[in-house]
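Data block below; observations after.
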Amino acid sequence: MRKPRDFDLELKALDSKARQLKQAKLQHLGELVVATGADALPVEQLAGVLLAAVGTSDMMVREGWRQRGAAFFQREGKARGSAGARSASATSADDGAAPAGSAAGAE
């Protein structure tokens with residue numbers, strides 16, 4: 001005979017995982033606000049901009065925003081990649097302790 005499933009335990013585990021995912025989402029949104037420089041805006045202004053974006057149904061405007069966002073992430077990815085490579089090579093040049101591609105230079 002099979003062992004009965006503990007549905008309460010499984011529900012608690014799923015609830016915990018959902019809370020972790022929500023927390024990670026909030027953290028990523030906060031990081032995005034900081035990375036774009038939007039943290040310099042007053043909170044009311046930032047909220048207004050976001051509400052305007054959510055309320056916009058013009059697909060041409062949204063596509064322009066999407067392209068701008070994609071370009072931002074491509075620049076950020078390139079900047080992180082080259083900065084990580086520079087820091088790894090500088091570290092290995094200083095003391096030889098961290099070879100290029102190690103965890104010390106990657107983020």
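Order determines the names: the first chain of the structure tokens is A, the second B, and so forth; residues in each chain are numbered 1 upward, and ligands are numbered 1 upward as they are shown.
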Considering only C-alpha atoms, return as a PyMOL selection string whatever protein or nucleic-acid residues lie within 10 Å of region 35-37 of chain A, sequence-local ones (same chain, fewer than 3 positions apart) excluded. chain A and resi 29-32+40-41+69+72-73+76
